[in-house]
Every structure is written in C-alpha cells, then in structure tokens.
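Next comes input-v7.txt, a file with compact mmCIF, C-alpha atoms.
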```
# COMPACT_ATOMS: atom_id res chain seq x y z
CA MET A 27 139.12 84.39 110.69
CA ASN A 28 138.74 80.91 112.21
CA LYS A 29 135.71 79.40 113.97
CA GLU A 30 136.88 80.32 117.46
CA GLU A 31 137.56 83.93 116.49
CA LEU A 32 134.20 84.17 114.73
CA GLU A 33 132.38 82.88 117.79
CA LYS A 34 133.94 85.62 119.92
CA GLU A 35 133.31 88.36 117.35
CA LEU A 36 129.69 87.36 116.81
CA LYS A 37 128.94 87.90 120.50
CA LYS A 38 130.05 91.54 120.16
CA TYR A 39 127.22 92.26 117.70
CA PRO A 40 123.94 90.95 119.12
CA SER A 41 120.73 91.73 117.27
CA GLN A 42 118.54 94.28 119.05
CA MET A 43 115.34 93.33 117.20
CA ASN A 44 113.80 90.14 115.97
CA SER A 45 113.51 89.63 112.22
CA HIS A 46 109.82 90.53 112.07
CA GLU A 47 110.24 93.74 114.08
CA ARG A 48 113.26 94.70 111.98
CA LEU A 49 111.62 94.32 108.59
CA LYS A 50 108.47 96.17 109.65
CA ALA A 51 110.45 99.10 111.09
CA TYR A 52 112.87 99.17 108.15
CA LEU A 53 110.12 99.36 105.55
CA SER A 54 108.43 102.17 107.50
CA GLY A 55 111.63 104.24 107.18
CA GLN A 56 112.97 103.76 110.70
CA ARG A 57 116.61 103.14 111.46
CA VAL A 58 117.13 99.53 112.56
CA ASP A 59 119.88 97.51 114.20
CA HIS A 60 121.01 96.09 110.84
CA LEU A 61 119.68 95.16 107.41
CA PRO A 62 116.96 92.54 107.11
CA TYR A 63 118.38 89.29 105.79
CA ASN A 64 117.21 85.96 104.42
CA ILE A 65 119.44 82.91 104.19
CA MET A 66 117.15 80.85 101.97
CA SER A 67 116.50 77.32 103.28
CA LEU A 68 118.17 78.21 106.59
CA ASP A 69 115.84 75.90 108.52
CA VAL A 70 116.99 72.89 106.48
CA VAL A 71 120.64 73.95 106.82
CA TYR A 72 120.31 74.34 110.59
CA GLY A 73 118.54 71.00 110.90
CA TYR A 74 121.24 69.28 108.86
CA ASN A 75 123.89 70.75 111.15
CA LEU A 76 121.98 69.29 114.09
CA GLY A 77 122.27 65.88 112.47
CA TYR A 78 118.88 65.63 110.73
CA SER A 79 118.74 64.46 107.15
CA ILE A 80 116.72 66.45 104.63
CA LYS A 81 114.11 63.68 104.63
CA GLU A 82 113.92 63.68 108.44
CA PHE A 83 113.32 67.43 108.41
CA SER A 84 109.90 66.86 106.84
CA ASN A 85 108.85 65.73 110.34
CA ILE A 86 106.94 68.55 112.02
CA ASP A 87 108.59 67.94 115.40
CA ARG A 88 111.98 68.57 113.80
CA GLN A 89 110.66 71.76 112.22
CA ILE A 90 109.33 72.96 115.58
CA GLU A 91 112.69 72.27 117.24
CA VAL A 92 114.63 74.16 114.58
CA THR A 93 112.19 77.10 114.56
CA ASP A 94 112.67 77.45 118.31
CA LYS A 95 116.46 77.28 118.04
CA LEU A 96 116.58 79.84 115.23
CA ALA A 97 114.48 82.24 117.30
CA ASN A 98 116.73 81.81 120.33
CA GLU A 99 120.07 81.94 118.54
CA TYR A 100 119.45 84.46 115.75
CA LYS A 101 116.15 86.14 116.73
CA ILE A 102 114.60 84.87 113.51
CA PHE A 103 110.86 85.07 114.11
CA GLY A 104 108.52 83.48 111.61
CA ILE A 105 106.92 80.16 110.78
CA SER A 106 106.31 78.80 107.34
CA GLN A 107 104.60 75.87 105.72
CA GLY A 108 104.40 75.96 101.99
CA LEU A 109 104.49 74.10 98.73
CA ASN A 110 107.83 73.52 97.09
CA LEU A 111 108.23 73.47 93.33
CA ARG A 112 106.67 70.01 93.03
CA THR A 113 104.24 69.73 95.97
CA MET A 114 101.14 70.81 94.07
CA ALA A 115 102.02 68.39 91.25
CA TYR A 116 102.32 65.56 93.78
CA ALA A 117 98.92 66.55 95.13
CA LEU A 118 97.58 66.34 91.57
CA GLY A 119 99.01 62.90 90.81
CA SER A 120 102.68 63.13 89.88
CA THR A 121 104.92 60.90 92.00
CA GLY A 122 108.36 61.66 93.34
CA ILE A 123 111.60 60.29 94.71
CA PHE A 124 112.64 61.66 98.10
CA PRO A 125 116.34 60.96 98.85
CA GLU A 126 117.55 60.91 102.43
CA ASN A 127 119.81 63.86 101.69
CA GLY A 128 118.89 65.46 98.41
CA ILE A 129 116.23 67.45 96.63
CA ASP A 130 113.09 65.55 95.74
CA ARG A 131 112.41 64.97 92.05
CA VAL A 132 109.49 63.79 89.98
CA ASP A 133 109.82 60.22 88.78
CA LYS A 134 106.42 59.90 87.11
CA TYR A 135 104.67 62.92 85.61
CA PHE A 136 100.91 62.73 85.78
CA LEU A 137 100.55 64.19 82.28
CA ASP A 138 103.56 62.39 80.80
CA GLU A 139 101.64 60.44 78.17
CA LYS A 140 99.12 63.07 77.16
CA LEU A 141 98.56 66.78 77.71
CA ASP A 142 94.90 66.67 78.71
CA VAL A 143 93.74 69.01 81.45
CA ASN A 144 90.50 67.02 81.75
CA LEU A 145 92.52 64.28 83.47
CA LEU A 146 93.18 66.61 86.42
CA GLN A 147 90.88 67.11 89.40
CA MET A 148 91.04 70.34 91.36
CA PRO A 149 92.42 69.48 94.83
CA ASP A 150 90.66 70.42 98.04
CA PRO A 151 93.40 71.39 100.52
CA TYR A 152 91.25 70.06 103.36
CA LYS A 153 90.77 66.65 101.75
CA ASN A 154 93.84 66.10 99.59
CA LYS A 155 96.26 63.97 101.65
CA ILE A 156 99.40 65.92 100.75
CA LEU A 157 97.91 69.39 101.16
CA ALA A 158 95.95 68.47 104.30
CA GLU A 159 99.18 67.31 105.96
CA LYS A 160 100.76 70.67 105.15
CA LEU A 161 97.81 72.44 106.76
CA ALA A 162 98.03 70.22 109.84
CA ASN A 163 101.74 71.05 110.16
CA ALA A 164 101.00 74.76 109.84
CA ARG A 165 98.41 74.51 112.63
CA LYS A 166 100.96 72.83 114.90
CA LEU A 167 103.50 75.55 114.18
CA ARG A 168 100.96 78.28 114.87
CA GLU A 169 99.92 76.59 118.12
CA LYS A 170 103.55 76.34 119.24
CA PHE A 171 104.55 79.84 118.08
CA PRO A 172 101.42 82.02 118.31
CA ASP A 173 103.39 85.29 118.22
CA HIS A 174 105.34 84.48 115.06
CA PRO A 175 104.16 85.76 111.67
CA ILE A 176 103.22 82.93 109.33
CA ARG A 177 103.89 82.64 105.62
CA THR A 178 103.58 80.14 102.83
CA PHE A 179 105.26 79.37 99.52
CA LEU A 180 103.98 78.64 96.03
CA ALA A 181 105.45 77.64 92.70
CA GLY A 182 104.57 79.84 89.75
CA PRO A 183 102.00 78.47 87.29
CA ILE A 184 104.45 77.40 84.60
CA SER A 185 106.79 75.80 87.15
CA THR A 186 103.84 73.88 88.60
CA ALA A 187 102.94 72.75 85.10
CA ALA A 188 106.51 71.52 84.55
CA ALA A 189 106.09 69.11 87.48
CA LEU A 190 102.98 67.64 85.85
CA ARG A 191 104.36 67.40 82.32
CA PRO A 192 108.06 66.79 81.54
CA LEU A 193 109.73 70.08 80.67
CA SER A 194 110.94 68.90 77.27
CA LYS A 195 107.40 67.93 76.31
CA LEU A 196 105.91 71.08 77.81
CA LEU A 197 108.26 73.26 75.77
CA ARG A 198 107.30 71.36 72.63
CA ASP A 199 103.64 71.86 73.55
CA LEU A 200 104.17 75.63 73.62
CA ARG A 201 104.60 75.38 69.85
CA LYS A 202 102.39 72.46 68.91
CA ASN A 203 99.55 72.62 71.43
CA PRO A 204 99.54 76.14 72.88
CA GLU A 205 95.84 76.31 73.75
CA GLU A 206 95.97 73.17 75.89
CA VAL A 207 99.07 74.54 77.63
CA LYS A 208 97.12 77.68 78.47
CA LYS A 209 94.32 75.55 79.93
CA LEU A 210 96.91 73.77 82.06
CA LEU A 211 98.36 77.06 83.24
CA GLU A 212 94.90 78.32 84.17
CA PHE A 213 94.36 75.12 86.14
CA CYS A 214 97.69 75.50 87.96
CA LEU A 215 96.87 79.12 88.75
CA GLU A 216 93.50 78.14 90.22
CA ALA A 217 94.98 75.26 92.23
CA ASN A 218 97.63 77.52 93.78
CA MET A 219 95.05 80.18 94.58
CA LYS A 220 92.89 77.57 96.33
CA TRP A 221 95.83 76.71 98.57
CA ALA A 222 96.42 80.39 99.31
CA GLU A 223 92.72 80.96 100.05
CA VAL A 224 92.58 78.09 102.54
CA PHE A 225 95.82 79.26 104.16
CA TYR A 226 94.32 82.73 104.52
CA LYS A 227 91.10 81.27 105.94
CA GLU A 228 93.07 79.30 108.53
CA PHE A 229 95.73 81.81 109.53
CA GLY A 230 94.81 85.24 108.23
CA PRO A 231 96.97 87.47 106.03
CA GLY A 232 100.61 86.53 105.66
CA LYS A 233 103.57 86.92 103.37
CA ILE A 234 103.83 84.61 100.37
CA MET A 235 106.95 83.81 98.38
CA ILE A 236 106.54 82.60 94.80
CA ALA A 237 109.33 80.59 93.18
CA ASP A 238 109.16 80.24 89.40
CA PRO A 239 112.39 78.86 87.91
CA VAL A 240 110.82 77.68 84.65
CA ALA A 241 109.95 81.30 83.88
CA CYS A 242 113.63 82.27 83.52
CA ASP A 243 115.35 83.58 80.39
CA ASP A 244 117.38 80.37 80.16
CA ILE A 245 114.22 78.38 79.37
CA LEU A 246 111.67 80.76 77.83
CA SER A 247 112.17 83.12 74.92
CA PRO A 248 110.85 86.67 75.38
CA LYS A 249 107.83 85.79 73.24
CA GLN A 250 107.13 82.63 75.22
CA ALA A 251 107.49 84.45 78.52
CA LYS A 252 104.96 87.08 77.52
CA GLU A 253 102.49 84.50 76.23
CA PHE A 254 102.85 81.60 78.67
CA SER A 255 104.33 83.04 81.86
CA TYR A 256 103.35 86.67 82.37
CA PRO A 257 99.54 86.43 82.15
CA TYR A 258 99.33 83.62 84.71
CA LEU A 259 102.09 84.82 87.02
CA LYS A 260 100.61 88.30 86.99
CA ALA A 261 97.16 86.89 87.77
CA LEU A 262 98.68 84.94 90.67
CA THR A 263 100.51 87.93 92.16
CA SER A 264 97.45 90.16 91.79
CA GLY A 265 95.18 87.49 93.25
CA LEU A 266 97.44 87.03 96.25
CA ARG A 267 97.64 90.76 96.88
CA LYS A 268 93.87 91.06 96.71
CA LEU A 269 93.45 88.07 99.04
CA ASN A 270 96.04 89.06 101.66
CA GLY A 271 96.27 92.79 101.30
CA ILE A 272 100.02 92.12 101.08
CA LYS A 273 102.13 91.91 97.95
CA PRO A 274 103.96 88.59 97.54
CA ASP A 275 107.67 88.30 96.83
CA LEU A 276 109.05 86.58 93.74
CA HIS A 277 112.18 84.52 93.14
CA ILE A 278 113.14 83.28 89.68
CA CYS A 279 116.22 81.07 89.51
CA GLY A 280 118.61 81.70 86.65
CA HIS A 281 118.85 84.62 84.26
CA THR A 282 116.01 87.15 84.29
CA LYS A 283 117.50 90.36 82.92
CA ARG A 284 115.20 90.42 79.89
CA GLN A 285 112.23 90.48 82.26
CA TRP A 286 113.26 93.09 84.82
CA GLU A 287 111.40 95.95 83.18
CA ASP A 288 108.24 93.87 82.78
CA LEU A 289 108.31 92.54 86.34
CA LYS A 290 107.96 96.09 87.66
CA ASP A 291 104.31 95.95 86.58
CA PHE A 292 103.60 92.87 88.71
CA ASP A 293 102.02 93.04 92.16
CA ILE A 294 105.18 92.01 94.01
CA GLU A 295 107.02 93.72 96.84
CA PHE A 296 110.53 92.24 96.57
CA PHE A 297 112.19 90.62 93.60
CA SER A 298 114.81 88.05 94.58
CA VAL A 299 117.55 87.96 91.96
CA ASP A 300 119.77 84.95 91.32
CA ASN A 301 123.51 85.28 91.95
CA CYS A 302 124.20 84.77 88.23
CA HIS A 303 123.39 88.50 87.90
CA ASP A 304 125.15 91.59 89.17
CA LEU A 305 123.17 92.84 92.15
CA GLU A 306 123.78 96.51 91.44
CA GLU A 307 122.68 96.18 87.82
CA CYS A 308 119.40 94.64 88.92
CA LYS A 309 118.96 97.30 91.60
CA ILE A 310 119.29 100.11 89.08
CA ALA A 311 116.79 98.43 86.77
CA ILE A 312 113.99 97.74 89.28
CA GLU A 313 114.44 100.01 92.31
CA ASP A 314 111.92 102.62 91.21
CA LYS A 315 109.10 100.08 91.63
CA LEU A 316 110.36 97.01 93.51
CA GLY A 317 112.35 96.09 96.57
CA LEU A 318 115.54 94.12 95.99
CA MET A 319 116.54 90.79 97.51
CA GLY A 320 119.76 88.84 96.95
CA ASN A 321 122.18 87.61 95.95
CA LEU A 322 125.11 85.97 97.75
CA PRO A 323 126.15 82.74 95.98
CA PRO A 324 124.70 79.83 97.98
CA VAL A 325 127.01 77.11 96.64
CA ASP A 326 130.33 78.77 95.80
CA ILE A 327 130.33 80.98 98.89
CA MET A 328 127.90 79.69 101.53
CA LYS A 329 128.57 75.98 101.07
CA ASN A 330 132.09 75.86 99.68
CA GLY A 331 133.64 79.17 100.78
CA THR A 332 135.64 80.06 103.86
CA ILE A 333 134.44 82.23 106.72
CA ASP A 334 136.30 85.18 105.20
CA ASP A 335 134.77 84.47 101.78
CA VAL A 336 131.30 84.75 103.31
CA ILE A 337 132.14 87.97 105.15
CA ASP A 338 133.58 89.56 102.01
CA ALA A 339 130.57 88.51 99.93
CA VAL A 340 128.14 89.99 102.46
CA LYS A 341 130.07 93.27 102.44
CA ALA A 342 129.95 93.33 98.63
CA CYS A 343 126.18 92.80 98.68
CA ILE A 344 125.71 95.61 101.21
CA LYS A 345 127.75 97.96 99.04
CA LYS A 346 125.76 97.14 95.92
CA GLY A 347 122.25 96.77 97.32
CA ALA A 348 121.72 98.63 100.59
CA ASP A 349 120.72 101.96 99.02
CA ALA A 350 117.90 100.46 96.93
CA LYS A 351 115.06 102.99 96.90
CA ASN A 352 112.32 100.52 97.85
CA GLY A 353 114.38 98.51 100.30
CA TYR A 354 116.93 95.74 100.33
CA ILE A 355 116.92 92.33 101.98
CA LEU A 356 120.39 90.79 102.03
CA ALA A 357 119.84 87.22 100.93
CA THR A 358 121.35 84.25 99.21
CA GLY A 359 120.81 84.09 95.47
CA CYS A 360 118.84 80.85 95.74
CA GLY A 361 118.24 78.02 98.21
CA THR A 362 121.21 77.34 100.48
CA PRO A 363 122.49 73.74 100.35
CA ALA A 364 121.80 71.70 103.47
CA GLU A 365 125.49 70.80 103.73
CA THR A 366 126.47 74.44 104.34
CA PRO A 367 128.73 74.61 107.45
CA LYS A 368 127.22 76.33 110.45
CA GLU A 369 130.27 78.58 110.75
CA ASN A 370 129.39 80.02 107.33
CA VAL A 371 125.87 80.76 108.52
CA ASP A 372 127.39 82.48 111.56
CA ALA A 373 129.78 84.38 109.30
CA PHE A 374 126.85 85.66 107.23
CA VAL A 375 124.97 86.78 110.35
CA TYR A 376 128.08 88.36 111.85
CA ALA A 377 128.84 90.32 108.70
CA VAL A 378 125.27 91.59 108.37
CA ARG A 379 125.18 92.68 112.00
CA LYS A 380 128.55 94.41 111.89
CA TYR A 381 128.72 95.95 108.44
CA SER A 382 125.09 97.03 108.07
CA LYS A 383 124.68 98.32 111.60
CA ASP A 384 122.14 101.15 112.04
CA ALA A 385 120.64 100.48 108.62
CA ARG A 386 117.95 102.60 107.04
CA ILE A 387 116.11 102.16 103.79
CA ASN A 388 117.80 103.76 100.75
CA GLU A 389 121.12 104.24 102.59
CA ILE A 390 124.53 102.62 102.53
CA PRO A 391 125.28 101.96 106.22
CA LYS A 392 128.21 103.93 107.57
CA ALA A 393 129.35 100.79 109.37
CA LEU A 394 130.40 99.30 106.03
CA TYR A 395 133.37 101.70 105.94
CA GLN A 396 134.26 101.75 109.63
```

Whole structure given in structure tokens:
Amino acid sequence: MNKEELEKELKKYPSQMNSHERLKAYLSGQRVDHLPYNIMSLDVVYGYNLGYSIKEFSNIDRQIEVTDKLANEYKIFGISQGLNLRTMAYALGSTGIFPENGIDRVDKYFLDEKLDVNLLQMPDPYKNKILAEKLANARKLREKFPDHPIRTFLAGPISTAAALRPLSKLLRDLRKNPEEVKKLLEFCLEANMKWAEVFYKEFGPGKIMIADPVACDDILSPKQAKEFSYPYLKALTSGLRKLNGIKPDLHICGHTKRQWEDLKDFDIEFFSVDNCHDLEECKIAIEDKLGLMGNLPPVDIMKNGTIDDVIDAVKACIKKGADAKNGYILATGCGTPAETPKENVDAFVYAVRKYSKDARINEIPKALYQ
C-alpha cells in the first residue's frame, strides 16, 4: 500500500470514540470501536513531522499545538507533563547535553566522585527551577484542554539513581557499598513521590507511567533485582496507587522475563513489554493479574519499515495480545523515534481501526480475520 492508498483507506475507518472514552469503556467490559492503542512518544514524532526539532518540542506552545492536532486528527485525548529518565537527576544537580535532534544525556553526574546521599537536597517541586517549569507547563496544558485527562511520568528509583551516579560505578556499589546504594534508592523514591504528590495536589488523580530501564534482566541479576529494585519500585507503585486511587503502569526496556512472575505482585495495572520479547509469551505469564501493553518494534518497524510492514506488525500484535484476560493496549515496544514517517503512524492507526474493530476485553476481534 502506498501513501495515497493509505490516506483513502484510513478515511473509511474513522474512530467513533476518543482515546479516553475508549479505554474507560473497554476496561469496564463494553464493546468499543477498536482496541486502545499507545504509540509511545507520538507527540514528539508528530511534532518532528511538523518540522519541529526534539529540542524545540520542549517549548510548551509547541506541545499545545501538537496536543490539539492529535485530538483533531486521531481523537487522542489526554495531556501529559512528566519527568523523563533523567529529569529528576537534573533537578538534583546532574547536568545534561540536549541535542537539537537526539535524546538528552547526562554529561556530569552529581554523585560521580563519591556516593554520598548527604550531598543531595530533597527538591521542592514548587521551588526547584526544573520541576517548577514542568508544573507551569502542566497548568498551561490543563487551562488549554480542561476536558482532557492528565497524566505524568516517573523514572523508577534505580533508573533515577543511575542518572545521579554513573551506571558502571553504581553497579560496583551494589557489591562494595550496598547500604549507601539503598539510602540513595530511598532518596530517589521519596523525591519521585514528592513530585507525584504535588501533581496530585495541583490536578487531582491521574494515570502515571513508570519507566525503569535499569531494572531489566540485561543489567541486574535476579539477586540484585530482588534486593535493589523490587523493594523500592514496589514502594513507588503502592505509594502511587494509594495517592491516586489508580494503579500506575510500568514499562521496563529490555529483557524482563525473569521478573514477570514477581511483577504480578506489584500495584500496577498494565505492564508494557519490550519488543525483544514474544508478546504472547508475556501475555500467558502475566494475564491472570496484569493488563498487557506492547510491543510493536519502534525502530525496525515504525521508523524503518514500510506501510505494509507496520500493518502486518499491528495484525500480529492483535492476534497475540487482544484476548489478554485483564486487557490489552496495542503499543510500541518502547519510545518511537522522532524520525518515524507520518505515513507509518497513519498505517498503525489504520490497522488498529480496521483489524481490531468492535473490540472487547479478553476477545480476539472478528475483524482480524475478515
């Protein structure tokens, strides 16, 4: 299928609900127009296709423009203002490099020379320059889109710690200075909860997504995960549920198979699985307790694939994930690169609308085989 054909086909399958209405109805057991979906980092992708660099997209006026366009074109309703994997560390004193078109990275770790939690000061989101700007942006979004649900993002405790202390040193500290690492993780947990508490105070209850790539099997051994990740991540998920009355969602980049059974005991609603895993295998492992999210390849398919590649990958995800007992959100397996062509975004949306039409929780849509 070429771009012109896709444009015509997409018009044949308009969404009948906005994304917020759809997810709410779907999780209550109602039949909906099609499966809920989440193209991770779609706002950045859309902005890039409008001609805005990744750095430019940090401007709140750009974010407002893109939010409005996404609502009009795809009926995606929702505003978000959160902390990426390094934001809290920047607020605490690490410094970063922010390329015009690239992912930011830490260039100076605040705890590079010495692992000493006493050097850190707990940030006040109202007074800390970085966090206060995020709050101001969230207020502008809420003022502009009062009917949209609002959400925020957090990094997991050990991923936050890895933006304060170089990962190689932090991993060495797990063996040589474990008690100080635990103090650091407690600090990171408290700092993230303070952000969530202020966000709740300002905007009320809302969905929270936690990203925790350092917690993956590729970095932590099973013993390390249970000692240095689980207690603090579990405390974060439980704290957020208690605060919001809503379970957060969790995404861990990379391999996580060794943790699937354990994650079922966490206070999370959906687990977002990386595309390095088989979606059906993860579904079978977690579906008795958790909802499933994932896991179309964001680079190989969304960025570098053809329109037909995207359509085929969406259909494969529907076949493997749509009958998950606690629900399925068709999503990319991680953040979608900004350089993803818009026609591939349209192909994703088209395939979801067509091949998961009349979706219902715990069912494979009949449309998949029509």

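Counting all atoms listed in the file, the residue from A:Tyr135, A:Tyr63, A:Tyr258, A:Tyr72 that sits nearest to A:Lys95 is A:Tyr72.
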
Spatial neighbours of stretch 341-343 of chain A, max dist 12 Å, only C-alpha atoms, sep filter under 6 positions, as a VMD selection string: chain A and resid 61 63 299 301 303 to 307 309 318 to 323 334 to 335 349 to 350 354 to 359 373 to 383 390 to 396

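Of the listed residues A:Leu76, A:Met27, A:Ala115, A:Ile234, the one whose atoms come nearest to A:Pro175 is A:Ile234, with distances taken using all atoms listed in the file.
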
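The gap separating atom CA of A:Asn110 from atom CA of A:Leu157 is 11.5 Å, in Å to one decimal.
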
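Taking atom CA of A:Asp133 as the reference point, atom CA of A:Asn163 is found at 25.3 Å.
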
Near-A:Val143 list (8 Å; all atoms listed in the file; drop same-chain fewer than 4 positions) as a ChimeraX atom specification: /A:206,209-210,213

Because some atoms of stretch 211-224 of chain A are absent here, can you restore N, CA, C and O atoms and send them as a tab-separated table (two decimals), keeping the file's coordinate frame?
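File part02.tsv, as written:
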```tsv
chain	number	residue	atom	x	y	z
A	211	LEU	N	97.88	75.95	82.42
A	211	LEU	CA	98.36	77.06	83.24
A	211	LEU	C	97.23	77.70	84.03
A	211	LEU	O	97.41	78.08	85.20
A	212	GLU	N	96.07	77.82	83.45
A	212	GLU	CA	94.90	78.32	84.17
A	212	GLU	C	94.56	77.39	85.33
A	212	GLU	O	94.21	77.85	86.43
A	213	PHE	N	94.65	76.10	85.08
A	213	PHE	CA	94.36	75.12	86.14
A	213	PHE	C	95.37	75.26	87.28
A	213	PHE	O	94.98	75.28	88.46
A	214	CYS	N	96.64	75.36	86.94
A	214	CYS	CA	97.69	75.50	87.96
A	214	CYS	C	97.52	76.79	88.75
A	214	CYS	O	97.72	76.82	89.98
A	215	LEU	N	97.15	77.85	88.08
A	215	LEU	CA	96.87	79.12	88.75
A	215	LEU	C	95.74	78.96	89.76
A	215	LEU	O	95.84	79.37	90.92
A	216	GLU	N	94.65	78.32	89.33
A	216	GLU	CA	93.50	78.14	90.22
A	216	GLU	C	93.85	77.24	91.40
A	216	GLU	O	93.44	77.51	92.54
A	217	ALA	N	94.60	76.17	91.15
A	217	ALA	CA	94.98	75.26	92.23
A	217	ALA	C	95.84	75.97	93.28
A	217	ALA	O	95.64	75.80	94.49
A	218	ASN	N	96.79	76.79	92.84
A	218	ASN	CA	97.63	77.52	93.78
A	218	ASN	C	96.84	78.57	94.55
A	218	ASN	O	97.07	78.80	95.74
A	219	MET	N	95.88	79.21	93.88
A	219	MET	CA	95.05	80.18	94.58
A	219	MET	C	94.16	79.50	95.62
A	219	MET	O	93.92	80.05	96.70
A	220	LYS	N	93.71	78.30	95.34
A	220	LYS	CA	92.89	77.57	96.33
A	220	LYS	C	93.70	77.28	97.58
A	220	LYS	O	93.19	77.39	98.71
A	221	TRP	N	94.98	76.90	97.40
A	221	TRP	CA	95.83	76.71	98.57
A	221	TRP	C	95.97	78.02	99.35
A	221	TRP	O	95.83	78.04	100.58
A	222	ALA	N	96.23	79.10	98.65
A	222	ALA	CA	96.42	80.39	99.31
A	222	ALA	C	95.15	80.83	100.04
A	222	ALA	O	95.21	81.39	101.14
A	223	GLU	N	94.00	80.57	99.43
A	223	GLU	CA	92.72	80.96	100.05
A	223	GLU	C	92.47	80.19	101.33
A	223	GLU	O	92.02	80.76	102.34
A	224	VAL	N	92.75	78.90	101.33
A	224	VAL	CA	92.58	78.09	102.54
A	224	VAL	C	93.58	78.51	103.60
A	224	VAL	O	93.24	78.60	104.79
```
